>>> print(open('entry.pdb').read())   # PDB, C-alpha atoms and all ligand atoms
MODEL        1
ATOM      1  CA  MET A 815     -22.460 -17.172  -7.224
ATOM      2  CA  GLN A 816     -20.886 -18.411 -10.447
ATOM      3  CA  ILE A 817     -17.909 -20.022  -8.748
ATOM      4  CA  ASP A 818     -17.034 -23.540  -9.859
ATOM      5  CA  PRO A 819     -18.454 -25.794  -7.090
ATOM      6  CA  GLN A 820     -15.580 -28.237  -7.563
ATOM      7  CA  ARG A 821     -13.144 -25.491  -6.681
ATOM      8  CA  ILE A 822     -14.955 -24.759  -3.451
ATOM      9  CA  GLN A 823     -15.214 -28.451  -2.649
ATOM     10  CA  ARG A 824     -11.497 -28.811  -3.214
ATOM     11  CA  LEU A 825     -10.804 -25.998  -0.742
ATOM     12  CA  VAL A 826     -13.144 -27.600   1.800
ATOM     13  CA  SER A 827     -11.329 -30.966   1.452
ATOM     14  CA  LEU A 828      -7.919 -29.331   1.609
ATOM     15  CA  SER A 829      -8.840 -27.449   4.779
ATOM     16  CA  LYS A 830     -10.177 -30.588   6.392
ATOM     17  CA  SER A 831      -7.069 -32.586   5.516
ATOM     18  CA  LYS A 832      -4.771 -29.837   6.844
ATOM     19  CA  ALA A 833      -6.749 -29.194  10.032
ATOM     20  CA  TYR A 834      -4.854 -28.873  13.319
ATOM     21  CA  ASP A 835      -5.572 -27.929  16.899
ATOM     22  CA  PRO A 836      -4.312 -24.324  17.203
ATOM     23  CA  TYR A 837      -4.188 -24.553  20.976
ATOM     24  CA  GLU A 838      -1.748 -27.480  20.797
ATOM     25  CA  ARG A 839       0.032 -26.539  17.597
ATOM     26  CA  PHE A 840       2.846 -24.400  19.078
ATOM     27  CA  ASP A 841       5.426 -24.644  21.847
ATOM     28  CA  TRP A 842       5.416 -21.287  23.538
ATOM     29  CA  PRO A 843       8.679 -20.306  25.250
ATOM     30  CA  ASP A 844       8.211 -18.084  28.335
ATOM     31  CA  SER A 845      10.125 -15.247  26.756
ATOM     32  CA  LEU A 846      11.824 -14.309  23.499
ATOM     33  CA  ALA A 847      15.296 -12.776  23.470
ATOM     34  CA  LEU A 848      16.408  -9.816  21.384
ATOM     35  CA  ASP A 849      19.732 -11.434  20.539
ATOM     36  CA  ARG A 850      18.526 -11.953  16.968
ATOM     37  CA  LEU A 851      15.986 -10.429  14.590
ATOM     38  CA  TRP A 852      12.375 -11.586  14.679
ATOM     39  CA  CYS A 853      12.043 -11.269  10.892
ATOM     40  CA  ASP A 854      14.237 -10.985   7.792
ATOM     41  CA  GLU A 855      16.198  -7.760   7.909
ATOM     42  CA  ASP A 856      14.783  -6.555   4.597
ATOM     43  CA  LEU A 857      11.253  -6.710   6.044
ATOM     44  CA  LEU A 858      12.006  -3.873   8.474
ATOM     45  CA  THR A 859      10.377  -0.617   7.394
ATOM     46  CA  THR A 860      13.700   1.188   7.715
ATOM     47  CA  HIS A 861      15.363  -1.118   5.206
ATOM     48  CA  GLY A 862      16.909   0.642   2.215
ATOM     49  CA  THR A 863      16.848   4.066   3.877
ATOM     50  CA  ALA A 864      19.571   6.115   5.565
ATOM     51  CA  VAL A 865      17.791   5.550   8.894
ATOM     52  CA  HIS A 866      18.511   1.839   8.663
ATOM     53  CA  ASP A 867      22.259   2.434   8.604
ATOM     54  CA  ARG A 868      22.034   4.564  11.735
ATOM     55  CA  LEU A 869      20.565   1.741  13.812
ATOM     56  CA  SER A 870      22.663  -0.629  15.886
ATOM     57  CA  PHE A 871      22.033  -4.370  15.761
ATOM     58  CA  GLU A 872      20.203  -4.128  19.105
ATOM     59  CA  GLN A 873      17.963  -1.396  17.754
ATOM     60  CA  LYS A 874      17.183  -3.419  14.630
ATOM     61  CA  ALA A 875      16.338  -6.422  16.795
ATOM     62  CA  ALA A 876      14.030  -4.273  18.952
ATOM     63  CA  LEU A 877      12.419  -2.848  15.821
ATOM     64  CA  SER A 878      11.885  -6.349  14.410
ATOM     65  CA  LYS A 879      10.064  -7.271  17.628
ATOM     66  CA  TRP A 880       7.745  -4.256  17.629
ATOM     67  CA  GLU A 881       7.086  -4.458  13.918
ATOM     68  CA  ALA A 882       6.139  -8.121  14.407
ATOM     69  CA  VAL A 883       3.738  -6.913  17.101
ATOM     70  CA  ASN A 884       2.400  -4.326  14.658
ATOM     71  CA  PHE A 885       1.946  -6.952  12.017
ATOM     72  CA  PHE A 886       0.286  -9.474  14.255
ATOM     73  CA  SER A 887      -1.942  -6.771  15.764
ATOM     74  CA  LEU A 888      -3.069  -5.845  12.232
ATOM     75  CA  ASN A 889      -4.035  -9.466  11.814
ATOM     76  CA  VAL A 890      -6.021  -9.526  15.041
ATOM     77  CA  HIS A 891      -8.055  -6.450  14.122
ATOM     78  CA  GLY A 892      -8.360  -7.405  10.467
ATOM     79  CA  ILE A 893      -9.711 -10.823  11.374
ATOM     80  CA  LYS A 894     -12.224  -9.357  13.842
ATOM     81  CA  GLY A 895     -13.686  -7.244  11.062
ATOM     82  CA  VAL A 896     -13.760 -10.088   8.543
ATOM     83  CA  MET A 897     -15.416 -12.489  10.966
ATOM     84  CA  GLU A 898     -18.049  -9.919  11.786
ATOM     85  CA  PHE A 899     -18.812  -9.450   8.116
ATOM     86  CA  VAL A 900     -18.768 -13.142   7.196
ATOM     87  CA  SER A 901     -20.967 -14.040  10.164
ATOM     88  CA  ARG A 902     -23.509 -11.503   8.948
ATOM     89  CA  CYS A 903     -23.745 -12.805   5.388
ATOM     90  CA  ILE A 904     -23.057 -16.539   5.765
ATOM     91  CA  TYR A 905     -26.679 -17.702   5.316
ATOM     92  CA  GLU A 906     -27.716 -15.218   2.686
ATOM     93  CA  GLU A 907     -28.980 -16.740  -0.514
ATOM     94  CA  ARG A 908     -26.215 -15.158  -2.540
ATOM     95  CA  TYR A 909     -23.574 -17.004  -0.528
ATOM     96  CA  ASP A 910     -25.387 -20.300  -0.328
ATOM     97  CA  ASP A 911     -22.781 -22.107  -2.492
ATOM     98  CA  ILE A 912     -19.892 -21.016  -0.335
ATOM     99  CA  SER A 913     -21.607 -21.149   3.040
ATOM    100  CA  GLU A 914     -19.912 -24.380   4.089
ATOM    101  CA  TYR A 915     -16.507 -23.052   3.174
ATOM    102  CA  LEU A 916     -17.250 -19.821   5.064
ATOM    103  CA  HIS A 917     -17.734 -21.880   8.221
ATOM    104  CA  ILE A 918     -14.268 -23.358   7.759
ATOM    105  CA  PHE A 919     -12.877 -19.921   6.948
ATOM    106  CA  ILE A 920     -14.265 -18.477  10.202
ATOM    107  CA  ALA A 921     -12.817 -21.375  12.225
ATOM    108  CA  GLU A 922      -9.391 -20.917  10.631
ATOM    109  CA  GLU A 923      -9.430 -17.159  11.124
ATOM    110  CA  ASN A 924     -10.519 -17.589  14.724
ATOM    111  CA  ALA A 925      -7.458 -19.804  15.255
ATOM    112  CA  HIS A 926      -5.234 -17.181  13.623
ATOM    113  CA  MET A 927      -6.670 -14.424  15.784
ATOM    114  CA  TRP A 928      -6.013 -16.535  18.863
ATOM    115  CA  PHE A 929      -2.364 -17.294  18.093
ATOM    116  CA  PHE A 930      -1.505 -13.790  16.910
ATOM    117  CA  ALA A 931      -3.106 -12.232  19.987
ATOM    118  CA  ALA A 932      -1.431 -14.819  22.251
ATOM    119  CA  PHE A 933       1.945 -13.947  20.746
ATOM    120  CA  CYS A 934       1.493 -10.187  21.236
ATOM    121  CA  ARG A 935       0.177 -10.512  24.770
ATOM    122  CA  ARG A 936       2.802 -13.017  25.870
ATOM    123  CA  TYR A 937       5.897 -11.344  24.430
ATOM    124  CA  ALA A 938       4.916  -7.684  24.264
ATOM    125  CA  ARG A 939       2.007  -7.429  26.727
ATOM    126  CA  THR A 940       0.024  -5.406  24.256
ATOM    127  CA  ILE A 941      -1.973  -5.514  21.052
ATOM    128  CA  TYR A 942      -1.680  -2.303  19.050
ATOM    129  CA  PRO A 943      -4.910  -0.588  18.042
ATOM    130  CA  THR A 944      -5.396  -0.270  14.270
ATOM    131  CA  PRO A 945      -7.362   2.428  12.497
ATOM    132  CA  ALA A 946     -10.234   0.863  10.564
ATOM    133  CA  PHE A 947     -10.381   1.245   6.795
ATOM    134  CA  SER A 948     -13.418   3.177   5.709
ATOM    135  CA  THR A 949     -14.846   2.894   2.221
ATOM    136  CA  GLY A 950     -17.265   5.656   3.139
ATOM    137  CA  ASP A 951     -20.980   5.246   2.913
ATOM    138  CA  VAL A 952     -21.433   2.652   0.165
ATOM    139  CA  GLN A 953     -25.112   2.556  -0.747
ATOM    140  CA  ASP A 954     -25.071  -0.528  -2.924
ATOM    141  CA  ARG A 955     -24.961  -3.766  -0.967
ATOM    142  CA  LEU A 956     -23.147  -5.757  -3.654
ATOM    143  CA  GLU A 957     -20.475  -3.100  -3.942
ATOM    144  CA  ALA A 958     -20.065  -2.968  -0.163
ATOM    145  CA  ASP A 959     -19.561  -6.747  -0.142
ATOM    146  CA  LEU A 960     -17.023  -6.470  -2.967
ATOM    147  CA  TYR A 961     -14.971  -3.980  -0.929
ATOM    148  CA  MET A 962     -15.126  -6.205   2.113
ATOM    149  CA  PHE A 963     -13.899  -9.276   0.229
ATOM    150  CA  ALA A 964     -11.370  -7.196  -1.739
ATOM    151  CA  SER A 965      -9.864  -5.593   1.359
ATOM    152  CA  THR A 966      -9.684  -9.021   3.005
ATOM    153  CA  LEU A 967      -7.861 -10.326  -0.043
ATOM    154  CA  VAL A 968      -5.388  -7.420  -0.220
ATOM    155  CA  PHE A 969      -4.763  -7.835   3.482
ATOM    156  CA  GLU A 970      -4.213 -11.587   3.174
ATOM    157  CA  GLU A 971      -1.770 -11.256   0.290
ATOM    158  CA  PHE A 972       0.082  -8.419   2.026
ATOM    159  CA  VAL A 973       0.446 -10.399   5.248
ATOM    160  CA  ASP A 974       1.373 -13.507   3.319
ATOM    161  CA  PHE A 975       4.438 -11.881   1.851
ATOM    162  CA  TYR A 976       5.813 -11.418   5.373
ATOM    163  CA  ASN A 977       4.577 -14.788   6.640
ATOM    164  CA  HIS A 978       6.106 -16.698   3.764
ATOM    165  CA  LYS A 979       9.529 -15.103   4.196
ATOM    166  CA  VAL A 980       9.715 -15.338   7.973
ATOM    167  CA  GLY A 981       8.140 -18.800   7.927
ATOM    168  CA  THR A 982      11.134 -20.131   5.988
ATOM    169  CA  ASN A 983      13.818 -18.128   7.802
ATOM    170  CA  PRO A 984      16.089 -20.551   9.716
ATOM    171  CA  ASP A 985      17.514 -17.748  11.893
ATOM    172  CA  VAL A 986      14.390 -16.548  13.720
ATOM    173  CA  ALA A 987      13.150 -18.147  16.972
ATOM    174  CA  ASP A 988      11.115 -21.345  16.429
ATOM    175  CA  ILE A 989       7.841 -19.865  17.657
ATOM    176  CA  VAL A 990       8.219 -16.892  15.296
ATOM    177  CA  ARG A 991       8.957 -19.150  12.326
ATOM    178  CA  GLU A 992       6.172 -21.590  13.145
ATOM    179  CA  ILE A 993       3.444 -18.990  13.555
ATOM    180  CA  ASN A 994       4.374 -17.355  10.274
ATOM    181  CA  HIS A 995       4.660 -20.687   8.514
ATOM    182  CA  GLN A 996       1.299 -21.969   9.729
ATOM    183  CA  HIS A 997      -0.437 -18.774   8.758
ATOM    184  CA  HIS A 998       1.106 -18.903   5.307
ATOM    185  CA  LEU A 999      -0.173 -22.472   4.786
ATOM    186  CA  ASP A1000      -3.737 -21.556   5.758
ATOM    187  CA  GLU A1001      -3.804 -18.284   3.863
ATOM    188  CA  SER A1002      -2.845 -19.834   0.546
ATOM    189  CA  ARG A1003      -6.341 -21.372   0.521
ATOM    190  CA  HIS A1004      -8.000 -18.118   1.609
ATOM    191  CA  VAL A1005      -6.263 -16.163  -1.140
ATOM    192  CA  SER A1006      -7.418 -18.523  -3.833
ATOM    193  CA  PHE A1007     -10.973 -18.412  -2.418
ATOM    194  CA  GLY A1008     -10.956 -14.613  -2.084
ATOM    195  CA  ARG A1009      -9.852 -14.139  -5.681
ATOM    196  CA  GLU A1010     -12.779 -16.199  -6.946
ATOM    197  CA  VAL A1011     -15.288 -14.281  -4.837
ATOM    198  CA  VAL A1012     -13.906 -10.884  -5.859
ATOM    199  CA  LYS A1013     -14.052 -11.762  -9.579
ATOM    200  CA  ASP A1014     -17.571 -13.092  -9.204
ATOM    201  CA  LEU A1015     -18.933 -10.056  -7.334
ATOM    202  CA  TYR A1016     -17.243  -7.646  -9.737
ATOM    203  CA  GLY A1017     -18.724  -9.467 -12.725
ATOM    204  CA  GLU A1018     -22.181  -9.267 -11.211
ATOM    205  CA  ILE A1019     -21.861  -5.559 -10.452
ATOM    206  CA  LEU A1020     -20.784  -4.844 -14.035
ATOM    207  CA  SER A1021     -23.567  -6.939 -15.523
ATOM    208  CA  ARG A1022     -25.988  -4.652 -13.715
ATOM    209  CA  ASP A1023     -24.163  -1.391 -14.299
ATOM    210  CA  GLY A1024     -21.048  -1.378 -16.438
ATOM    211  CA  SER A1025     -20.802   2.416 -16.673
ATOM    212  CA  ASN A1026     -17.466   4.202 -16.577
ATOM    213  CA  GLU A1027     -18.547   5.925 -13.413
ATOM    214  CA  THR A1028     -18.963   2.606 -11.614
ATOM    215  CA  ARG A1029     -15.690   1.197 -12.947
ATOM    216  CA  GLU A1030     -13.856   4.358 -11.938
ATOM    217  CA  ARG A1031     -15.357   4.416  -8.463
ATOM    218  CA  ILE A1032     -14.405   0.797  -7.864
ATOM    219  CA  ALA A1033     -10.869   1.291  -9.232
ATOM    220  CA  ARG A1034     -10.294   4.296  -6.947
ATOM    221  CA  THR A1035     -11.567   2.373  -3.943
ATOM    222  CA  ILE A1036      -9.341  -0.648  -4.625
ATOM    223  CA  GLU A1037      -6.339   1.653  -4.994
ATOM    224  CA  GLY A1038      -7.307   3.328  -1.724
ATOM    225  CA  ILE A1039      -7.436  -0.057   0.010
ATOM    226  CA  ILE A1040      -3.948  -0.983  -1.229
ATOM    227  CA  ARG A1041      -2.540   2.414  -0.199
ATOM    228  CA  TYR A1042      -4.137   2.046   3.206
ATOM    229  CA  PHE A1043      -2.361  -1.255   3.834
ATOM    230  CA  ILE A1044       0.973   0.150   2.641
ATOM    231  CA  SER A1045       0.580   2.904   5.238
ATOM    232  CA  LEU A1046      -0.173   0.428   8.000
ATOM    233  CA  MET A1047       3.303  -1.051   7.666
ATOM    234  CA  TYR A1048       4.616   2.127   9.298
ATOM    235  CA  ASN A1049       3.460   2.463  12.875
ATOM    236  CA  PRO A1050       4.881   5.347  14.981
ATOM    237  CA  GLN A1051       4.161   3.397  18.161
ATOM    238  CA  ALA A1052       6.475   0.595  16.990
ATOM    239  CA  TYR A1053       9.305   3.133  16.525
ATOM    240  CA  ILE A1054       8.673   4.479  20.036
ATOM    241  CA  ASP A1055       8.510   1.039  21.657
ATOM    242  CA  ALA A1056      11.652  -0.078  19.813
ATOM    243  CA  GLY A1057      13.452   3.049  21.077
ATOM    244  CA  VAL A1058      14.715   4.037  17.641
ATOM    245  CA  VAL A1059      13.292   7.555  17.264
ATOM    246  CA  GLU A1060      16.314   9.366  18.679
ATOM    247  CA  ALA A1061      18.834   7.286  16.735
ATOM    248  CA  SER A1062      16.855   7.864  13.532
ATOM    249  CA  GLY A1063      17.689  11.555  13.582
ATOM    250  CA  PHE A1064      14.006  12.583  13.521
ATOM    251  CA  LYS A1065      12.409  14.604  16.304
ATOM    252  CA  THR A1066       9.212  12.607  16.647
ATOM    253  CA  ALA A1067       7.922   9.152  15.828
ATOM    254  CA  SER A1068       5.359  10.686  13.465
ATOM    255  CA  ALA A1069       8.069  12.572  11.589
ATOM    256  CA  LEU A1070      10.065   9.342  11.301
ATOM    257  CA  ARG A1071       6.997   7.481  10.106
ATOM    258  CA  ASN A1072       6.184  10.059   7.443
ATOM    259  CA  ALA A1073       9.771  10.159   6.229
ATOM    260  CA  LEU A1074       9.960   6.381   5.891
ATOM    261  CA  ARG A1075       6.538   6.077   4.283
ATOM    262  CA  THR A1076       7.527   8.543   1.564
ATOM    263  CA  ASP A1077      11.224   7.681   1.222
ATOM    264  CA  PRO A1078      11.921   6.927  -2.476
ATOM    265  CA  ALA A1079      14.038   3.950  -1.403
ATOM    266  CA  ARG A1080      10.934   2.359   0.072
ATOM    267  CA  ARG A1081       8.977   2.356  -3.197
ATOM    268  CA  GLU A1082      10.744  -0.716  -4.440
ATOM    269  CA  HIS A1083       9.796  -2.488  -1.196
ATOM    270  CA  HIS A1084       6.150  -1.516  -1.579
ATOM    271  CA  GLY A1085       6.330  -3.004  -5.055
ATOM    272  CA  VAL A1086       7.756  -6.254  -3.760
ATOM    273  CA  TRP A1087       5.114  -6.540  -1.033
ATOM    274  CA  PHE A1088       2.066  -5.453  -3.031
ATOM    275  CA  ARG A1089       2.740  -6.107  -6.693
ATOM    276  CA  ARG A1090       1.241  -9.595  -6.681
ATOM    277  CA  THR A1091      -2.096  -8.482  -5.268
ATOM    278  CA  ALA A1092      -2.191  -5.333  -7.429
ATOM    279  CA  ASP A1093      -1.488  -7.472 -10.505
ATOM    280  CA  PHE A1094      -4.417  -9.716  -9.672
ATOM    281  CA  PHE A1095      -6.777  -6.723  -9.537
ATOM    282  CA  ARG A1096      -5.379  -5.428 -12.825
ATOM    283  CA  ARG A1097      -5.715  -8.772 -14.595
ATOM    284  CA  SER A1098      -9.266  -9.043 -13.301
ATOM    285  CA  GLY A1099     -10.096  -5.585 -14.655
ATOM    286  CA  LEU A1100     -10.786  -3.831 -11.346
ATOM    287  CA  ILE A1101      -7.861  -1.432 -11.742
ATOM    288  CA  GLU A1102      -6.066  -0.290 -14.872
ATOM    289  CA  ASP A1103      -2.481   0.027 -13.851
ATOM    290  CA  VAL A1104      -0.409  -0.780 -10.823
ATOM    291  CA  SER A1105       2.183   2.008 -10.945
ATOM    292  CA  PHE A1106       0.601   3.783  -7.956
ATOM    293  CA  VAL A1107       2.021   1.039  -5.708
ATOM    294  CA  THR A1108       5.548   2.295  -6.239
ATOM    295  CA  GLN A1109       4.806   6.024  -6.428
TER     296      GLN A1109
HETATM  297 FE    FE B1201      -5.598 -15.509   8.774
HETATM  298 FE    FE B1202      -7.298 -15.582   5.897
ENDMDL
END
>>> encode(input="entry.pdb", output="structure tokens")
Amino acid sequence: MQIDPQRIQRLVSLSKSKAYDPYERFDWPDSLALDRLWCDEDLLTTHGTAVHDRLSFEQKAALSKWEAVNFFSLNVHGIKGVMEFVSRCIYEERYDDISEYLHIFIAEENAHMWFFAAFCRRYARTIYPTPAFSTGDVQDRLEADLYMFASTLVFEEFVDFYNHKVGTNPDVADIVREINHQHHLDESRHVSFGREVVKDLYGEILSRDGSNETRERIARTIEGIIRYFISLMYNPQAYIDAGVVEASGFKTASALRNALRTDPARREHHGVWFRRTADFFRRSGLIEDVSFVTQ
């Protein structure tokens, strides 16, 4: 890879200096009350819509719990996929320069998977299943790797928006704040690493085949990845578990989900959550414009 070795070395040193024991890092209360929200109110997927105004405080608190479970479950499944992929390619010649950092990355993600799963199982007794993102049957190995690193990056930046906000919210329970805060600290390194890898792989693909067809195909796939993660914010099961379907005025959780996902008032929120990552892909030439995020 053409990534500056000093950059990688800096990430390795940073990770080592910020290392912690995940199993001792947090104080886990036996239970978590619903007397307050588990995230900032404007992170709820009802925020900005008419549905939001129909919910009582108790219903918003319940929704904040189950959307936290949704979010943390996305992390658990996302990490499983990333670790599988990274474990497969870690000793390949192409990734020789970043192999050491990939070891650290796997260890950090394993810690994240553990604490997110522990949270869900302890306070909600479940981890939600998550539909896997499919890029279809990608024949070219380099392109398949690009999509894997790109979807990891989109995912990390998406999650980080939530983590950063909740991690600095003085009103949420300590365990909620701490988990979000710790994840935000670790992910800032992953995001900067992921951006380098994505740019490098894209450059190599184009140096081999810079045709419009290839550029177009990659742009469509990146857009598809971003759209996929926007959709994952809205989980019908979270609306059912939070008991908000009836109060929402919709007949079914799926109808509520579809209405929220496409509510014009939500576009601005999608922009706030995803603009930073979409802008990175635009600046790096992988996509041409970012307006689809708020359409
Ligand atoms: Fe993580
Ligand atoms: Fe990460």
>>> closest_residue(input="entry.pdb", among="A:Ala1033, A:Ile1040, A:Ile1054, A:Leu857", to="A:His1083", atoms="all atoms listed in the file")
A:Leu857
>>> closest_residue(input="entry.pdb", among="A:Phe1088, A:Phe1095, A:Tyr942, A:Tyr837", to="A:Asp974", atoms="only C-alpha atoms")
A:Phe1088
>>> atom_distance(input="entry.pdb", atom1="atom CA of A:Ser965", atom2="atom CA of A:Glu1102")
17.5 Å
>>> closest_residue(input="entry.pdb", among="A:Leu846, A:Met815, A:Leu1100, A:Val973", to="ligand FE 1202 (chain B)", atoms="all atoms listed in the file")
A:Val973
>>> atom_distance(input="entry.pdb", atom1="atom CA of A:Asp835", atom2="atom CA of A:Val890")
18.5 Å
>>> residues_near_ligand(input="entry.pdb", ligand="ligand FE 1202 (chain B)", cutoff="8 Å", atoms="all atoms listed in the file", output="PyMOL selection string")
chain A and resi 893+919+922-923+966-967+970+1000-1001+1003-1005
>>> resolve_selection(input="entry.pdb", expression="the PyMOL selection byres (((chain A and resi 1058-1064) around 8) and not hetatm)", output="NGL selection string")
:A and (865-866 or 868-869 or 873 or 877 or 1053-1057 or 1065-1067 or 1069-1070)
